[in-house]
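Only one structure is covered here, and it is reproduced in the block below.
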Amino acid sequence: EDGYRLWLRYAPLEGPALADLTRRPLAVQIPVGGAIPDNPTIRAAADELQKGLSSLSGRQVSLMKGHDAETRADHAIIRLHCARSEIAAGGAFSIRQSSRGLDILASEPIGCLYGSFSLLRALSEGMRLSDIGRSEAPRYPLRMLNHWDNPDGSVERGYAGSSIFDWWKLPDHLDQWMIDYARANASIGINGVVVNNVNASAMMLEPRYIARLKRLADAWRPYGIRVYLSARFSAPRDIGGLETADPFDPRVAAWWKDKADEIYAAIPDFGGFLVKANSEGQPGPGDYGRTHADGANMLAHALGPRGTVIWRAFVYSEHDEADRARQAFAEFAPLDGQFADNVILQVKNGPIDFQPREPFHPLFGAMPDTRVMLETQITKEYLGFSTHLAFLAPMWKEVLDAPTGHGKTVAEAIAPAGMAGVANIGSDRNWSGSHFDQANWYAFGRLAWDPSLSAEQLAREWAAQTWSREEGFVADISAMMLGSREIVADYMTPLGLAHLMATGHHYGPAPWVCDLPRPEWNPCYYHRADRQGIGFDRTPGGSNALADYAPIAAARWADPDRMDSRYLLWFHHLPWDWTFPDGTSLWQTLVQRYDAGVAGVAQMQQVWAGHEGEIDARRHADVADFLKIQRREAQWWRDASIAYWQSLNSLPLPDGTRPPARSLGHYRALSFPEAPGN
Ligand code: BDP
């Protein structure tokens, strides 16, 4: 066990579930003839069932075509019916008990594949074959991974090795790895992949890369995955020989139209372009005095009904010093209704940037005439990279379940589009840099399929498939996972603080950084701490970012005395001696939160140690090692942060609190040029 098999281990069943599965010999029946002769997606579904059922039951399961199976009266038969018009299109399936065993029904082959994975998941969790019945349909049309992979093999903010895309050997050689990757994605319903970084190189649009992308598209098509490219807005200039990329210049529009035609000639189901424009130095329509809608619509026209332009709303400028959290709203909300039908606006979960905790982005629900998609970050740029254990489903649920105040929750507001997750996948043998980070890939896909799933269910089903289905194990480990993100928020950015990470690589604490040239690059800009107090005032007396939310949503955060303290310092600047309703001061509570975070990691270590011997030794030791790193670094975060706050407020530590192990000077002097993911 080295983690390569992810949650698709299909570990042999035991007890009643095994007895139930092996009561009769099993066969998988694939349809022949009719509407779907030899379809690669149905073949993949049948192969998966055969492999999975054989492994779960410990017996070789046979594959039978069409009527052959009907003659085998002694067999329990899993039948695939993949052209049933009564089932919805788009991946829906129904699993039903039948007189011969069990039927998987769908209107399209991809529904049969999703249904097969669903059946195998239920069995892997320990359910009995004879108890399984379910009907599902994906809630969102788009369930995408965004890879921040560069053509040179590096991965921006990647903590799992280098890129999995081997552009050097493609298109001639396609590694089995690429099939395993597609299969894993299909198992959780992911149906779109952007293969390159949003900080895009125009080179990816050159013919030689299109040929390579075609090879991937062909390999992934049976798994229901469409490929997308991040497109650099200045490509007509960079590689097209034009002196401009102005979206209103007819030559520019024609260049993109020709480029789209060229891509579609190779990849008829190409998904479209993802664009980061006029953000962090990337080119965009703003360079020519045009709006985001002007730029997006020009590209949308080039694609036509064949594909989608996914335009990112992650923008902020150095020229607006008031509040970075308001800038995307100010720039995009007025454009509602101006985007072409095949444009989707991709909005990060919070208004700043993938912090351990942010309130939901005010654009959700505020653009009723625009399709808006949620962007999450699966890779843990701001949550301790791959060595800290943080299960992110609770964070994403917090956003999905949030009522926007515009009559919809975030989950409902994004329904016409879907979800994108910045991938945490790399060349490491375990794919994600750590075993527990696989859970975030898994949970992302499952939530994009069904945002109403609870974080607890996702933790439980992942743990049962990935480690052990023994109930004591699943209960403890899922509970540990559910608390883990809050623990990280506590030792890094408690009480709604944000962006206190070190410059550049974002590894470790640096709340003292105040002198970077752009104001909003500095942690000081975000915490605003001084001798008197701490926090960012986003009330009407401050930046008034609260006004970007619908009044009922804003009301939840308006009063520091009556709000969820986990968002407190995001919205309020308060004196250190401000007291919570229970009488504890802000300073005391802050220190308590840091201590709770460190204690939480120690607790996770204990829980994990308590299950040694119940799972394979190698993966157990890997996790134990990483928890040791996390424990040390949680202490570092806590000590360095407290030392810094104390240097400002000169307050004594609450009674019984341990002083930081080292001086502030020590923490400030640390440097980590070797930190990954720059
Ligand atoms: C920030 C990352 C940066 C990305 C940017 C983005 O630090 O590497 O390019 O987001 O989303 O979080 O475009």
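All residue names refer to the structure tokens as shown: chains lettered A, B, ... in order, residues numbered from 1 in each chain, ligands numbered from 1 in order.
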
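The binding environment of ligand 1, defined as every protein, DNA or RNA residue with an atom no more than 8 Å away and counting only C-alpha atoms and all ligand atoms, comprises A:Glu156, A:Arg157, A:Asn197, A:Val198, A:Asn199, A:Lys276, A:Ser279, A:Glu280, A:Phe314, A:Asp353, A:Phe354, A:Glu381, A:Gly504, A:His505, A:His506, A:Asn678.
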
Would you mind exporting the chosen residues as a short mmCIF file (atom, residue, chain, number, x, y, z; two decimals), in the first residue's frame, restricted to C-alpha atoms?
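The result, written out as selection-v9.cif:
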```
data_model
loop_
_atom_site.label_atom_id
_atom_site.label_comp_id
_atom_site.auth_asym_id
_atom_site.auth_seq_id
_atom_site.Cartn_x
_atom_site.Cartn_y
_atom_site.Cartn_z
CA GLU A 156 2.31 26.62 -9.21
CA ARG A 157 1.34 26.10 -5.57
CA ASN A 197 -1.88 27.18 -15.18
CA VAL A 198 -4.13 30.24 -15.15
CA ASN A 199 -0.89 32.19 -15.35
CA LYS A 276 -7.19 35.02 -15.85
CA SER A 279 -5.00 40.13 -12.55
CA GLU A 280 -1.58 39.90 -10.94
CA PHE A 314 -10.00 37.08 -9.15
CA ASP A 353 -7.72 34.45 -1.65
CA PHE A 354 -8.30 30.90 -0.38
CA GLU A 381 -1.44 26.91 -0.44
CA GLY A 504 6.09 34.51 -1.83
CA HIS A 505 5.88 30.87 -0.91
CA HIS A 506 3.32 31.41 1.89
CA ASN A 678 6.41 29.36 -5.52
#
```

**Message:** Give me the residues near Gly418 of chain A as a list of chain:residue names, where near means some atom within 6 Å (using only C-alpha atoms) and where sequence neighbours in that chain fewer than 5 positions away do not count.
**Reply:** A:Tyr140, A:Leu142, A:Arg143, A:Met373

**Message:** With DSSP run on the backbone, what are the strand (DSSP E or B) residues within segment 93-286 of chain A? I'd like them as an NGL selection string.
**Reply:** :A and (93-98 or 101-105 or 134-136 or 142-146 or 149 or 155 or 192-194 or 226-230 or 272-275)

**Prompt:** Which of these, A:Pro654, A:Phe444, A:Gly115, A:Gln603, has the shortest distance to Thr584 of chain A once you count only C-alpha atoms?
**Reply:** A:Pro654

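Here the question is which of A:Gly600, A:Pro581, A:Pro351, A:Gly271 gets nearest to Met563 of chain A using only C-alpha atoms, and that residue is A:Pro581.
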
Counting only C-alpha atoms, which residues of segment 135-223 of chain A fall within 6 Å of segment 227-235 of chain A, and what is the closest atom pair for each with its distance in Å at one decimal, ordered by chain and rising number, as CSV?
```
residue,atom,partner,partner_atom,distance
A:Gly192,CA,A:Val227,CA,5.9
A:Val193,CA,A:Val227,CA,5.1
A:Val194,CA,A:Tyr228,CA,4.5
A:Asn196,CA,A:Ser230,CA,5.8
A:Val198,CA,A:Ser230,CA,5.4
A:Ala200,CA,A:Arg232,CA,5.3
A:Ala202,CA,A:Ala235,CA,5.2
A:Ala217,CA,A:Val227,CA,5.9
```

**Request:** Among the residues of segment 189-438 of chain A, find those DSSP assigns to helix (DSSP H, G or I) from the backbone and print them as a count of residues only.
**Result:** 86

**Request:** Just the residues within 10 Å of segment 626-640 of chain A, please, counting only C-alpha atoms, with nothing from its chain fewer than 5 positions along; format it as a VMD selection string.
**Result:** chain A and resid 384 386 to 389 434 to 435 487 to 488 490 to 493 500 to 501 507 to 512 591 593 to 606 608 621 645 to 646 658 to 668

**Request:** Name the closest residue to Arg528 of chain A among the candidates A:Arg485, A:Arg226, A:His572, A:Arg208; distances are taken between atoms, counting only C-alpha atoms.
**Result:** A:His572

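Summary of the local environment: counting only C-alpha atoms, residues at most 10 Å from Asp269 of chain A, other than itself and those fewer than 3 positions away along its chain, are Ala217, Asp218, Arg221, Ile225, Arg226, Val227, Tyr228, Ile263, Tyr264, Ala265, Ala266, Gly272, Arg306 and Gly307 of chain A.
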
Please produce an output containing C-alpha atoms for each residue in the selection, written as a PDB file, in the first residue's frame.
```pdb
ATOM      1  CA  ALA A 217      -8.696  14.281 -24.836  1.00  0.00           C
ATOM      2  CA  ASP A 218      -8.988  10.996 -26.742  1.00  0.00           C
ATOM      3  CA  ARG A 221     -13.237  10.868 -23.443  1.00  0.00           C
ATOM      4  CA  ILE A 225     -13.805  14.201 -19.199  1.00  0.00           C
ATOM      5  CA  ARG A 226     -13.592  17.195 -21.498  1.00  0.00           C
ATOM      6  CA  VAL A 227     -10.342  19.098 -21.767  1.00  0.00           C
ATOM      7  CA  TYR A 228     -10.017  22.865 -21.395  1.00  0.00           C
ATOM      8  CA  ILE A 263      -8.610  23.143 -31.776  1.00  0.00           C
ATOM      9  CA  TYR A 264     -12.088  21.809 -32.596  1.00  0.00           C
ATOM     10  CA  ALA A 265     -10.780  20.120 -35.731  1.00  0.00           C
ATOM     11  CA  ALA A 266      -8.516  18.075 -33.446  1.00  0.00           C
ATOM     12  CA  GLY A 272     -13.253  25.867 -23.845  1.00  0.00           C
ATOM     13  CA  ARG A 306     -19.055  24.469 -29.159  1.00  0.00           C
ATOM     14  CA  GLY A 307     -17.607  25.567 -25.846  1.00  0.00           C
TER      15      GLY A 307
END
```

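Restricting the calculation to only C-alpha atoms, the smallest distance between Ile344 of chain A and any of A:Cys524, A:Val309, A:Ala558, A:Val623 is found for A:Val309.
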
**Message:** I'd like the contact shell of Arg183 of chain A - 12 Å cut-off, only C-alpha atoms, skipping same-chain residues fewer than 2 positions apart - returned as a PyMOL selection string.
**Reply:** chain A and resi 5-8+41+44-45+47-48+110+113-114+116-117+176-181+185-191+219-225

**Complete:** Shortest contact to Arg23 of chain A, candidates A:Asn430, A:Asn150, A:Ser130, A:Thr71, atoms counted only C-alpha atoms, goes to A:Ser130

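Atom CA of Leu569 of chain A sits 15.8 Å away from atom CA of Arg531 of chain A.
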
Hey, what's within 10 Å of Glu243 of chain A if we count only C-alpha atoms and toss same-chain stuff fewer than 6 positions away? As a PDB file with N, CA and C atoms, in the first residue's frame, please?
```
ATOM      1  N   SER A 234      -3.172  37.665 -24.310  1.00  0.00           N
ATOM      2  CA  SER A 234      -2.331  38.352 -25.294  1.00  0.00           C
ATOM      3  C   SER A 234      -1.797  37.405 -26.365  1.00  0.00           C
ATOM      4  N   PRO A 236      -2.719  36.490 -29.320  1.00  0.00           N
ATOM      5  CA  PRO A 236      -2.605  36.967 -30.708  1.00  0.00           C
ATOM      6  C   PRO A 236      -1.327  37.767 -30.935  1.00  0.00           C
ATOM      7  N   ARG A 237      -0.867  38.422 -29.869  1.00  0.00           N
ATOM      8  CA  ARG A 237       0.393  39.170 -29.967  1.00  0.00           C
ATOM      9  C   ARG A 237       1.586  38.264 -29.731  1.00  0.00           C
ATOM     10  N   VAL A 252      -7.936  40.482 -34.286  1.00  0.00           N
ATOM     11  CA  VAL A 252      -7.782  39.715 -33.038  1.00  0.00           C
ATOM     12  C   VAL A 252      -8.912  38.689 -32.925  1.00  0.00           C
TER      13      VAL A 252
END
```
